[in-house]
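Asker: So that you have it, the file is entry.csv, and it contains CSV, C-alpha atoms and all ligand atoms:
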chain,number,residue,atom,x,y,z
A,27,MET,CA,92.1,-169.8,1.5
A,28,LYS,CA,93.4,-173.0,-0.3
A,29,LYS,CA,96.9,-171.9,-1.3
A,30,PHE,CA,99.1,-168.8,-1.2
A,31,THR,CA,101.4,-168.4,-4.1
A,32,SER,CA,100.5,-164.8,-5.3
A,33,VAL,CA,98.3,-161.9,-4.6
A,34,GLN,CA,95.7,-163.6,-6.8
A,35,ASP,CA,95.0,-166.0,-3.9
A,36,VAL,CA,93.9,-163.1,-1.7
A,37,ALA,CA,90.2,-162.1,-2.0
A,38,ASP,CA,90.4,-158.8,-0.2
A,39,LEU,CA,93.8,-157.2,0.3
A,40,LYS,CA,92.6,-154.5,2.9
A,41,ASP,CA,91.0,-157.2,4.9
A,42,LEU,CA,94.2,-159.3,4.9
A,43,VAL,CA,96.3,-156.4,6.1
A,44,LYS,CA,93.8,-155.6,8.8
A,45,GLU,CA,93.9,-159.2,10.0
A,46,ALA,CA,97.7,-159.1,10.2
A,47,GLN,CA,97.6,-155.9,12.2
A,48,GLN,CA,95.2,-157.5,14.6
A,49,LEU,CA,97.3,-160.6,15.0
A,50,LYS,CA,100.3,-158.5,15.6
A,51,GLN,CA,98.5,-157.0,18.6
A,52,ASN,CA,97.4,-160.4,19.9
A,53,PRO,CA,99.7,-163.2,18.4
A,54,TYR,CA,98.5,-166.0,20.6
A,55,GLN,CA,94.8,-165.6,20.2
A,56,ASP,CA,94.5,-168.6,17.9
A,57,LYS,CA,96.9,-171.0,19.6
A,58,GLU,CA,94.2,-173.7,19.6
A,59,LEU,CA,93.5,-173.4,15.8
A,60,GLY,CA,96.7,-175.3,14.7
A,61,GLN,CA,96.6,-178.0,17.4
A,62,ASN,CA,97.4,-181.4,15.9
A,63,ARG,CA,98.2,-179.8,12.6
A,64,THR,CA,101.6,-180.1,11.0
A,65,LEU,CA,103.4,-177.5,8.9
A,66,GLY,CA,106.3,-178.6,6.7
A,67,LEU,CA,108.7,-175.9,5.5
A,68,LEU,CA,110.8,-177.1,2.6
A,69,PHE,CA,113.9,-175.2,1.4
A,70,LEU,CA,115.7,-175.8,-1.8
A,71,ASN,CA,117.7,-172.5,-1.2
A,72,PRO,CA,119.1,-170.6,1.8
A,73,SER,CA,116.9,-168.5,4.1
A,74,LEU,CA,117.0,-166.7,7.4
A,75,ARG,CA,113.9,-164.6,7.7
A,76,THR,CA,111.4,-166.8,5.8
A,77,ARG,CA,112.5,-169.8,7.7
A,78,MET,CA,112.4,-168.3,11.2
A,79,SER,CA,109.4,-166.0,10.9
A,80,THR,CA,107.2,-168.8,9.3
A,81,GLN,CA,108.3,-171.2,12.1
A,82,ILE,CA,107.3,-168.6,14.7
A,83,ALA,CA,104.0,-168.0,12.9
A,84,GLY,CA,103.2,-171.7,12.9
A,85,ALA,CA,104.1,-172.0,16.6
A,86,ASN,CA,101.9,-169.0,17.5
A,87,LEU,CA,99.0,-170.9,15.9
A,88,GLY,CA,99.8,-174.1,18.0
A,89,MET,CA,101.1,-176.0,15.0
A,90,ASN,CA,103.8,-178.6,14.9
A,91,VAL,CA,106.5,-177.3,12.5
A,92,MET,CA,109.1,-179.3,10.6
A,93,VAL,CA,111.8,-177.7,8.6
A,94,MET,CA,113.5,-179.7,5.9
A,95,ASN,CA,116.5,-178.4,3.8
A,96,LEU,CA,115.5,-180.4,0.8
A,97,ASP,CA,118.5,-179.4,-1.2
A,98,LYS,CA,121.0,-180.7,1.4
A,99,GLU,CA,119.1,-183.2,3.4
A,100,GLY,CA,116.7,-184.7,0.9
A,101,TRP,CA,117.2,-186.9,-2.2
A,102,ALA,CA,118.0,-185.1,-5.4
A,103,LEU,CA,114.7,-184.4,-7.0
A,104,GLU,CA,113.6,-185.2,-10.6
A,105,THR,CA,110.9,-182.9,-12.0
A,106,GLN,CA,110.6,-184.1,-15.6
A,107,ASP,CA,107.6,-186.2,-16.4
A,108,GLY,CA,108.4,-189.6,-17.8
A,109,ALA,CA,112.2,-189.3,-17.0
A,110,ILE,CA,114.3,-192.4,-17.1
A,111,MET,CA,116.0,-191.9,-13.8
A,112,ASN,CA,119.4,-193.4,-14.5
A,113,GLY,CA,121.3,-190.2,-13.8
A,114,SER,CA,121.9,-188.1,-10.7
A,115,THR,CA,118.4,-187.5,-9.6
A,116,VAL,CA,117.2,-190.1,-7.0
A,117,GLU,CA,113.5,-189.3,-6.3
A,118,HIS,CA,110.7,-188.0,-8.5
A,119,ILE,CA,108.8,-184.9,-7.2
A,120,LYS,CA,105.7,-186.9,-7.8
A,121,ASP,CA,106.6,-189.4,-5.1
A,122,ALA,CA,108.4,-187.0,-2.7
A,123,ALA,CA,105.5,-184.4,-2.7
A,124,ALA,CA,102.9,-187.1,-2.3
A,125,VAL,CA,104.7,-188.5,0.7
A,126,MET,CA,105.2,-185.1,2.4
A,127,GLY,CA,101.5,-184.3,1.8
A,128,GLN,CA,100.7,-187.4,3.9
A,129,TYR,CA,102.9,-186.1,6.8
A,130,CYS,CA,101.8,-182.4,6.6
A,131,ASP,CA,98.5,-180.5,6.7
A,132,ILE,CA,100.1,-177.4,5.1
A,133,ILE,CA,103.4,-177.2,3.2
A,134,GLY,CA,105.6,-174.2,2.5
A,135,ILE,CA,108.2,-174.4,-0.2
A,136,ARG,CA,111.1,-172.2,-1.4
A,137,SER,CA,112.5,-172.8,-4.8
A,138,PHE,CA,114.4,-170.0,-6.6
A,139,PRO,CA,114.6,-169.8,-10.4
A,140,LYS,CA,117.6,-171.3,-12.1
A,141,LEU,CA,117.9,-168.1,-14.2
A,142,GLN,CA,118.8,-170.3,-17.3
A,143,SER,CA,115.5,-170.8,-19.1
A,144,ARG,CA,113.0,-168.0,-18.8
A,145,GLU,CA,110.2,-170.2,-20.0
A,146,GLU,CA,110.9,-172.9,-17.4
A,147,ASP,CA,111.1,-170.4,-14.6
A,148,TYR,CA,108.1,-168.3,-15.6
A,149,ASN,CA,106.0,-171.5,-16.0
A,150,GLU,CA,106.6,-172.1,-12.3
A,151,ASP,CA,107.1,-175.7,-13.2
A,152,LEU,CA,108.3,-177.0,-9.8
A,153,LEU,CA,105.8,-175.1,-7.8
A,154,HIS,CA,102.9,-176.3,-9.9
A,155,LYS,CA,104.0,-179.9,-9.9
A,156,PHE,CA,104.5,-179.8,-6.1
A,157,ILE,CA,101.0,-178.3,-5.6
A,158,SER,CA,99.4,-181.0,-7.7
A,159,TYR,CA,101.2,-183.9,-6.2
A,160,CYS,CA,101.2,-183.1,-2.5
A,161,LYS,CA,97.4,-182.5,-2.3
A,162,VAL,CA,97.5,-180.2,0.7
A,163,PRO,CA,97.5,-176.3,0.8
A,164,VAL,CA,100.8,-174.8,-0.3
A,165,VAL,CA,102.4,-171.5,0.8
A,166,SER,CA,105.1,-170.1,-1.4
A,167,LEU,CA,108.2,-169.2,0.6
A,168,GLU,CA,109.6,-167.6,-2.7
A,169,SER,CA,109.1,-169.4,-6.0
A,170,ALA,CA,110.7,-168.8,-9.4
A,171,THR,CA,108.8,-165.6,-10.1
A,172,ARG,CA,107.3,-164.3,-6.8
A,173,HIS,CA,107.8,-163.8,-3.1
A,174,PRO,CA,104.3,-163.2,-1.8
A,175,LEU,CA,104.9,-163.4,2.0
A,176,GLN,CA,107.6,-160.8,1.6
A,177,SER,CA,105.2,-158.5,-0.4
A,178,PHE,CA,102.5,-159.0,2.2
A,179,ALA,CA,104.9,-158.0,5.0
A,180,ASP,CA,106.0,-155.0,2.8
A,181,LEU,CA,102.4,-153.9,2.3
A,182,LEU,CA,101.7,-154.2,6.1
A,183,THR,CA,104.8,-152.1,6.8
A,184,ILE,CA,103.8,-149.4,4.3
A,185,THR,CA,100.3,-149.3,5.8
A,186,GLU,CA,101.6,-149.0,9.3
A,187,ASN,CA,103.8,-146.1,8.2
A,188,THR,CA,101.2,-144.1,6.2
A,189,PRO,CA,98.8,-141.6,7.8
A,190,ALA,CA,95.1,-142.7,7.4
A,191,GLY,CA,93.6,-141.6,4.2
A,192,LYS,CA,96.9,-140.7,2.4
A,193,ARG,CA,97.8,-142.3,-0.9
A,194,PRO,CA,101.6,-142.6,-0.7
A,195,LYS,CA,104.0,-142.5,-3.6
A,196,VAL,CA,106.0,-145.7,-3.5
A,197,VAL,CA,109.2,-146.0,-5.7
A,198,LEU,CA,110.8,-149.4,-6.5
A,199,THR,CA,114.3,-148.7,-7.5
A,200,TRP,CA,116.8,-151.2,-9.0
A,201,ALA,CA,120.2,-151.2,-7.1
A,202,PRO,CA,123.5,-152.7,-8.0
A,203,HIS,CA,124.6,-156.2,-6.8
A,204,VAL,CA,127.6,-158.5,-7.4
A,205,LYS,CA,125.7,-161.4,-8.8
A,206,ALA,CA,122.7,-162.4,-10.8
A,207,ILE,CA,119.6,-162.2,-8.6
A,208,PRO,CA,116.0,-163.4,-9.3
A,209,GLN,CA,113.2,-160.9,-10.3
A,210,CYS,CA,110.9,-162.5,-7.7
A,211,VAL,CA,110.9,-159.8,-5.0
A,212,ALA,CA,110.6,-157.0,-7.5
A,213,ASN,CA,107.8,-158.8,-9.5
A,214,SER,CA,105.9,-159.6,-6.4
A,215,PHE,CA,106.3,-156.1,-4.9
A,216,ALA,CA,105.0,-154.5,-8.1
A,217,GLU,CA,102.1,-157.0,-8.3
A,218,TRP,CA,101.0,-156.3,-4.7
A,219,MET,CA,101.5,-152.5,-4.9
A,220,GLY,CA,99.5,-152.5,-8.1
A,221,GLN,CA,96.5,-153.7,-6.1
A,222,ALA,CA,97.0,-151.4,-3.2
A,223,ASP,CA,96.1,-147.7,-2.5
A,224,VAL,CA,99.5,-146.4,-3.6
A,225,ASP,CA,101.1,-144.6,-6.6
A,226,LEU,CA,103.8,-146.9,-7.8
A,227,VAL,CA,106.8,-145.8,-9.8
A,228,ILE,CA,109.5,-148.3,-10.9
A,229,THR,CA,113.0,-147.1,-11.9
A,230,HIS,CA,115.8,-149.2,-13.3
A,231,PRO,CA,118.6,-148.9,-15.9
A,232,GLU,CA,117.7,-149.8,-19.5
A,233,GLY,CA,117.4,-153.5,-20.0
A,234,TYR,CA,116.0,-154.3,-16.6
A,235,GLU,CA,112.3,-154.0,-17.6
A,236,LEU,CA,110.2,-156.5,-15.6
A,237,ALA,CA,107.6,-158.7,-17.2
A,238,ASP,CA,104.5,-156.7,-18.2
A,239,GLU,CA,102.1,-158.8,-16.2
A,240,PHE,CA,103.7,-157.4,-13.0
A,241,THR,CA,104.0,-153.7,-13.9
A,242,ARG,CA,100.6,-152.9,-15.4
A,243,ASN,CA,99.7,-150.4,-12.7
A,244,ALA,CA,103.1,-148.8,-12.4
A,245,GLN,CA,104.8,-145.8,-14.1
A,246,VAL,CA,108.2,-147.0,-15.3
A,247,THR,CA,111.2,-144.7,-15.9
A,248,THR,CA,115.0,-145.1,-16.3
A,249,ASN,CA,115.5,-141.7,-14.6
A,250,GLN,CA,116.1,-142.6,-10.9
A,251,GLN,CA,116.3,-138.9,-9.8
A,252,GLU,CA,113.0,-138.1,-11.4
A,253,ALA,CA,111.4,-141.2,-10.0
A,254,LEU,CA,112.5,-140.4,-6.4
A,255,GLN,CA,110.9,-136.9,-6.5
A,256,ASP,CA,108.5,-136.6,-3.6
A,257,ALA,CA,108.6,-140.3,-2.8
A,258,ASP,CA,107.1,-141.4,0.5
A,259,PHE,CA,108.7,-144.9,0.4
A,260,VAL,CA,111.7,-146.1,-1.6
A,261,TYR,CA,112.0,-149.9,-2.0
A,262,VAL,CA,115.5,-150.8,-3.0
A,263,LYS,CA,116.2,-154.1,-4.8
A,264,ASN,CA,118.5,-155.6,-7.3
A,265,TRP,CA,117.3,-158.0,-10.0
A,266,SER,CA,118.9,-159.6,-13.1
A,267,SER,CA,117.5,-158.8,-16.6
A,268,TYR,CA,114.2,-160.3,-17.6
A,269,THR,CA,114.6,-159.5,-21.3
A,270,GLU,CA,118.2,-160.8,-21.6
A,271,TYR,CA,117.2,-163.4,-19.2
A,272,GLY,CA,119.3,-163.9,-16.0
A,273,LYS,CA,122.0,-161.6,-17.2
A,274,VAL,CA,123.8,-158.8,-15.4
A,275,LEU,CA,123.9,-155.9,-17.9
A,276,THR,CA,125.7,-153.2,-16.0
A,277,ASP,CA,127.8,-152.7,-12.8
A,278,GLY,CA,125.1,-150.1,-11.9
A,279,GLU,CA,127.5,-147.3,-11.0
A,280,GLY,CA,125.5,-144.4,-9.6
A,281,TRP,CA,122.4,-146.5,-8.7
A,282,MET,CA,123.2,-147.2,-5.0
A,283,MET,CA,120.7,-145.5,-2.7
A,284,THR,CA,122.3,-142.9,-0.5
A,285,ASN,CA,121.2,-140.0,1.8
A,286,GLU,CA,122.1,-137.6,-0.9
A,287,LYS,CA,119.5,-139.2,-3.2
A,288,LEU,CA,116.9,-139.0,-0.5
A,289,LYS,CA,117.0,-135.2,-0.5
A,290,GLY,CA,114.5,-135.0,-3.4
A,291,THR,CA,112.0,-137.3,-1.6
A,292,ASN,CA,109.3,-136.5,0.9
A,293,ASN,CA,111.8,-137.7,3.7
A,294,ALA,CA,111.1,-141.1,2.3
A,295,LYS,CA,111.3,-144.3,4.4
A,296,VAL,CA,113.6,-146.8,2.9
A,297,MET,CA,112.8,-150.5,2.5
A,298,HIS,CA,114.7,-153.6,1.5
A,299,CYS,CA,113.7,-157.3,2.0
A,300,LEU,CA,117.2,-158.3,3.3
A,301,PRO,CA,119.7,-159.9,2.9
A,302,VAL,CA,121.3,-156.7,1.7
A,303,ARG,CA,124.8,-156.0,0.3
A,304,ARG,CA,125.8,-153.0,2.4
A,305,ASN,CA,127.4,-150.2,0.5
A,306,VAL,CA,126.6,-151.9,-2.8
A,307,GLU,CA,122.8,-151.7,-2.9
A,308,LEU,CA,122.3,-149.3,0.0
A,309,SER,CA,124.7,-147.2,2.1
A,310,ASP,CA,125.4,-147.8,5.8
A,311,GLU,CA,124.2,-144.3,6.5
A,312,ILE,CA,120.7,-145.2,5.3
A,313,LEU,CA,120.5,-148.7,6.8
A,314,ASP,CA,121.6,-147.4,10.2
A,315,GLY,CA,119.7,-144.2,10.0
A,316,PRO,CA,116.2,-143.0,11.0
A,317,ASN,CA,114.6,-143.6,7.6
A,318,SER,CA,115.2,-147.3,7.4
A,319,LEU,CA,112.3,-149.7,7.7
A,320,VAL,CA,114.2,-152.9,7.1
A,321,LEU,CA,113.9,-154.3,10.6
A,322,GLU,CA,110.2,-153.5,10.7
A,323,GLN,CA,109.8,-155.3,7.4
A,324,ALA,CA,111.6,-158.4,8.8
A,325,ASN,CA,109.5,-158.3,12.0
A,326,ASN,CA,106.3,-158.1,10.0
A,327,ARG,CA,107.2,-161.3,8.1
A,328,THR,CA,105.9,-163.2,11.2
A,329,TYR,CA,102.5,-161.6,11.1
A,330,ALA,CA,102.2,-161.9,7.3
A,331,ALA,CA,103.0,-165.6,7.6
A,332,GLN,CA,100.7,-166.1,10.6
A,333,THR,CA,97.7,-164.5,8.8
A,334,VAL,CA,98.2,-166.7,5.8
A,335,LEU,CA,98.6,-169.9,7.8
A,336,LYS,CA,95.6,-168.9,9.9
A,337,ARG,CA,93.5,-168.6,6.7
A,338,LEU,CA,94.8,-171.9,5.3
A,339,LEU,CA,94.0,-173.7,8.6
A,340,GLU,CA,90.5,-172.2,8.5
A,341,GLY,CA,90.2,-173.6,5.0
A,342,LEU,CA,91.0,-177.2,6.1
A,343,ASN,CA,88.0,-179.4,6.9
B,401,LIG,C1,117.0,-163.5,-3.0
B,401,LIG,C2,116.2,-162.8,-4.1
B,401,LIG,O1,116.4,-161.6,-4.3
B,401,LIG,O2,115.3,-163.5,-4.6
B,401,LIG,C3,116.2,-163.7,-1.8
B,401,LIG,C4,115.7,-162.5,-1.2
B,401,LIG,C5,114.7,-162.8,-0.1
B,401,LIG,N1,118.2,-162.7,-2.7
B,401,LIG,C6,119.4,-163.1,-2.9
B,401,LIG,O3,119.7,-164.1,-3.5
B,401,LIG,C7,120.5,-162.2,-2.4
B,402,LIG,N1,113.6,-161.6,2.9
B,402,LIG,C1,113.8,-162.9,2.9
B,402,LIG,O1,113.0,-163.7,2.4
B,402,LIG,O2,114.9,-163.4,3.6
B,402,LIG,P1,115.4,-164.8,3.6
B,402,LIG,O3,115.9,-165.2,2.3
B,402,LIG,O4,116.5,-164.8,4.7
B,402,LIG,O5,114.3,-165.8,4.1
Can you present the structure in this file as structure tokens?

Answerer:
Amino acid sequence: MKKFTSVQDVADLKDLVKEAQQLKQNPYQDKELGQNRTLGLLFLNPSLRTRMSTQIAGANLGMNVMVMNLDKEGWALETQDGAIMNGSTVEHIKDAAAVMGQYCDIIGIRSFPKLQSREEDYNEDLLHKFISYCKVPVVSLESATRHPLQSFADLLTITENTPAGKRPKVVLTWAPHVKAIPQCVANSFAEWMGQADVDLVITHPEGYELADEFTRNAQVTTNQQEALQDADFVYVKNWSSYTEYGKVLTDGEGWMMTNEKLKGTNNAKVMHCLPVRRNVELSDEILDGPNSLVLEQANNRTYAAQTVLKRLLEGLN
């Protein structure tokens, strides 16, 4: 593997999940593999799970891990080609990425969308520039349109909670939030589930349709109750509008996931990537109850990251 920015970087999804399950059983088996290799984790936005789980994953592989909060501790980055830098940006991404590529063997980067220009965000401008200038393998720690390490951990969690041979019904449901949130987690989840052995249904209020490229293998409906019927897994997530880009179109009254709504499901397990707004997106009763998988998902972030880092290390000369 040479980079990990979407499911398209994975040759065989089943094989990837199998490897993660195996590493979870024996996390220190490859502690020589990363010796004398440096992992740089760069954050332009906040993070708890991605930061800590990817650090543990690197350490389990024997890597030296550096974390840099680029937004707070680095120089303000310019991304525009040919910019005359007489304003507030101090360093061009061209120079910063090239320098960090000299210090690191693998680089992870988190950079959320600005939710202002759909074109700019969906072009993945910053991620692509970073990849081309740093010249080392890059792992997305959530980019403008996707969160592949999260989706990998989610697929691992679903696999672990599905009886062998069963094709589960997985429902991705929009949930309310208090602010405008990226589409990344929902896009990525839909994209990964679309390649997995599951039946995917997506439900959201009108106006929250995701980009077609992510939902090709899903059934989409604005009727949440109908969508939840016989579900085995319910993945709860808010996102802002893609069509009216970055906008919050409704307060989402009635869309919060509750135990009452789970009644029509196949005693569904409930998932959320966290951080979660309790009693806005999901009720306390679900999060603290027996159907919640949120902690398992967060735990699996370590093994998803470790599997990816392992493959990237194996791809180095
Ligand atoms: C971010 C998002 O939905 O993209 C990060 C989730 C891992 N969530 C928030 O900003 C609340
Ligand atoms: N789920 C997730 O990526 O969490 P963080 O934003 O805390 O890393």

Asker: So which one's closest to ligand LIG 402 (chain B), A:Asp180, A:Glu311, A:Asp258, A:Asp225? Using all atoms listed in the file, please.

Answerer: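 The closest residue to ligand LIG 402 (chain B) is A:Asp180.
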
Asker: Could the residues that lie within 8 Å of ligand LIG 402 (chain B), counting all atoms listed in the file, be listed as a PDB file with C-alpha atoms, in the frame of the given file?

Answerer:
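So the final result, stored in out_1.pdb, reads:
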ATOM      1  CA  PRO A  72     119.100-170.600   1.800  1.00  0.00           C
ATOM      2  CA  SER A  73     116.900-168.500   4.100  1.00  0.00           C
ATOM      3  CA  LEU A  74     117.000-166.700   7.400  1.00  0.00           C
ATOM      4  CA  ARG A  75     113.900-164.600   7.700  1.00  0.00           C
ATOM      5  CA  THR A  76     111.400-166.800   5.800  1.00  0.00           C
ATOM      6  CA  ARG A  77     112.500-169.800   7.700  1.00  0.00           C
ATOM      7  CA  MET A  78     112.400-168.300  11.200  1.00  0.00           C
ATOM      8  CA  LEU A 167     108.200-169.200   0.600  1.00  0.00           C
ATOM      9  CA  GLU A 168     109.600-167.600  -2.700  1.00  0.00           C
ATOM     10  CA  HIS A 173     107.800-163.800  -3.100  1.00  0.00           C
ATOM     11  CA  GLN A 176     107.600-160.800   1.600  1.00  0.00           C
ATOM     12  CA  CYS A 299     113.700-157.300   2.000  1.00  0.00           C
ATOM     13  CA  LEU A 300     117.200-158.300   3.300  1.00  0.00           C
ATOM     14  CA  PRO A 301     119.700-159.900   2.900  1.00  0.00           C
ATOM     15  CA  ALA A 324     111.600-158.400   8.800  1.00  0.00           C
TER      16      ALA A 324
END

Asker: Using all atoms listed in the file, which of A:Ser266, A:Ser114, A:Asn86, A:Asn293 sits nearest Leu59 (chain A)?

Answerer: A:Asn86

Asker: Do you have the CA of Ala201 (chain A)-CA of Val260 (chain A) distance handy?

Answerer: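 Separating CA of Ala201 (chain A) from CA of Val260 (chain A) is a distance of 11.3 Å.
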
Asker: Within 8 Å of (116.2, -146.4, -8.6) (file coordinates; only C-alpha atoms), which protein or nucleic acid residues are there? I'd like them as a list in words.

Answerer: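 Here the neighbourhood of the point contains Val197, Leu198, Thr199, Trp200, Ala201, Ile228, Thr229, His230, Thr248, Asn249, Gln250, Gln251, Ala253, Leu254, Val262, Trp281, Met282 and Met283 of chain A.
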
Asker: What residues have any atom no more than 7 Å from ligand LIG 401 (chain B) when counting all atoms listed in the file, and can you list them as a ChimeraX atom specification?

Answerer: /A:138,207-211,265,299-302

Asker: Using all atoms listed in the file, find all polymer residues with an atom at most 6 Å away from the point (108.1, -164.6, -9.6); report them as a PyMOL selection string.

Answerer: chain A and resi 170-172+210+213

Asker: What does the structure give for the distance between CA of Leu42 (chain A) and CA of Lys28 (chain A), in Å to one decimal?

Answerer: 14.7 Å

Asker: When you look at Ala179 (chain A) with a cut-off of 7 Å (counting all atoms listed in the file), what residues show up, excluding the ones that are within fewer than 4 positions of it in the same chain? I need them as a PyMOL selection string.

Answerer: chain A and resi 175+183+323+326-327+330

Asker: Produce a file of the selected residues containing C-alpha atoms, as a PDB file, in the coordinates of the input.

Answerer:
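Resulting contents of again08.pdb:
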ATOM      1  CA  LEU A 175     104.900-163.400   2.000  1.00  0.00           C
ATOM      2  CA  THR A 183     104.800-152.100   6.800  1.00  0.00           C
ATOM      3  CA  GLN A 323     109.800-155.300   7.400  1.00  0.00           C
ATOM      4  CA  ASN A 326     106.300-158.100  10.000  1.00  0.00           C
ATOM      5  CA  ARG A 327     107.200-161.300   8.100  1.00  0.00           C
ATOM      6  CA  ALA A 330     102.200-161.900   7.300  1.00  0.00           C
TER       7      ALA A 330
END

Asker: Could you tell me which of A:Met94, A:Met27, A:Leu39, A:Val116 comes closest to Gln221 (chain A) if we count only C-alpha atoms?

Answerer: A:Leu39

Asker: Could you tell me which of A:Met89, A:Ala206, A:Met111, A:Ala222 comes closest to Val274 (chain A) if we count all atoms listed in the file?

Answerer: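 With all atoms listed in the file as the atom set, the closest residue is A:Ala206.
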
Asker: Interatomic distance between CA of Ser267 (chain A) and CA of Gly233 (chain A)?

Answerer: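 Computing the Euclidean distance for CA of Ser267 (chain A) and CA of Gly233 (chain A) yields 6.3 Å.
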
Asker: Considering only C-alpha atoms, state which residue in the set A:His203, A:Thr291, A:Phe178, A:Ile119 is at the smallest distance from Leu308 (chain A).

Answerer: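 Smallest separation from Leu308 (chain A) among the options: A:His203.
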
Asker: When you look at region 338-342 of chain A with a cut-off of 10 Å (counting all atoms listed in the file), what residues show up, excluding the ones that are within fewer than 6 positions of it in the same chain? I need them as a JSON list (two decimals) with C-alpha atoms, in the coordinates of the input.

Answerer:
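The resulting file, selection_35.json, is shown below:
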[["chain", "number", "residue", "atom", "x", "y", "z"],
["A", 27, "MET", "CA", 92.10, -169.80, 1.50],
["A", 28, "LYS", "CA", 93.40, -173.00, -0.30],
["A", 29, "LYS", "CA", 96.90, -171.90, -1.30],
["A", 30, "PHE", "CA", 99.10, -168.80, -1.20],
["A", 59, "LEU", "CA", 93.50, -173.40, 15.80],
["A", 60, "GLY", "CA", 96.70, -175.30, 14.70],
["A", 63, "ARG", "CA", 98.20, -179.80, 12.60],
["A", 87, "LEU", "CA", 99.00, -170.90, 15.90],
["A", 89, "MET", "CA", 101.10, -176.00, 15.00],
["A", 131, "ASP", "CA", 98.50, -180.50, 6.70],
["A", 132, "ILE", "CA", 100.10, -177.40, 5.10],
["A", 162, "VAL", "CA", 97.50, -180.20, 0.70],
["A", 163, "PRO", "CA", 97.50, -176.30, 0.80],
["A", 164, "VAL", "CA", 100.80, -174.80, -0.30],
["A", 165, "VAL", "CA", 102.40, -171.50, 0.80],
["A", 332, "GLN", "CA", 100.70, -166.10, 10.60]]

Asker: Just checking: using only C-alpha atoms, which residue out of A:Lys57, A:Tyr129, A:Gly220, A:Leu49 ends up closest to Ala244 (chain A)?

Answerer: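 Of all the options, A:Gly220 lies closest to Ala244 (chain A).
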
Asker: Near Val93 (chain A), counting all atoms listed in the file, which residues have an atom at most 9 Å away, once you skip same-chain residues fewer than 2 positions from it, shown as a ChimeraX atom specification?

Answerer: /A:65-69,77,81,91,95

Asker: Identify, on the basis of all atoms listed in the file, every residue whose closest approach to Gln245 (chain A) does not exceed 8 Å; exclude the query and any residue fewer than 2 positions from it along the same chain; express the result as a list in words.

Answerer: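 Returned residues: Leu226, Val227, Ile228, Thr241, Asn243 and Thr247 of chain A.
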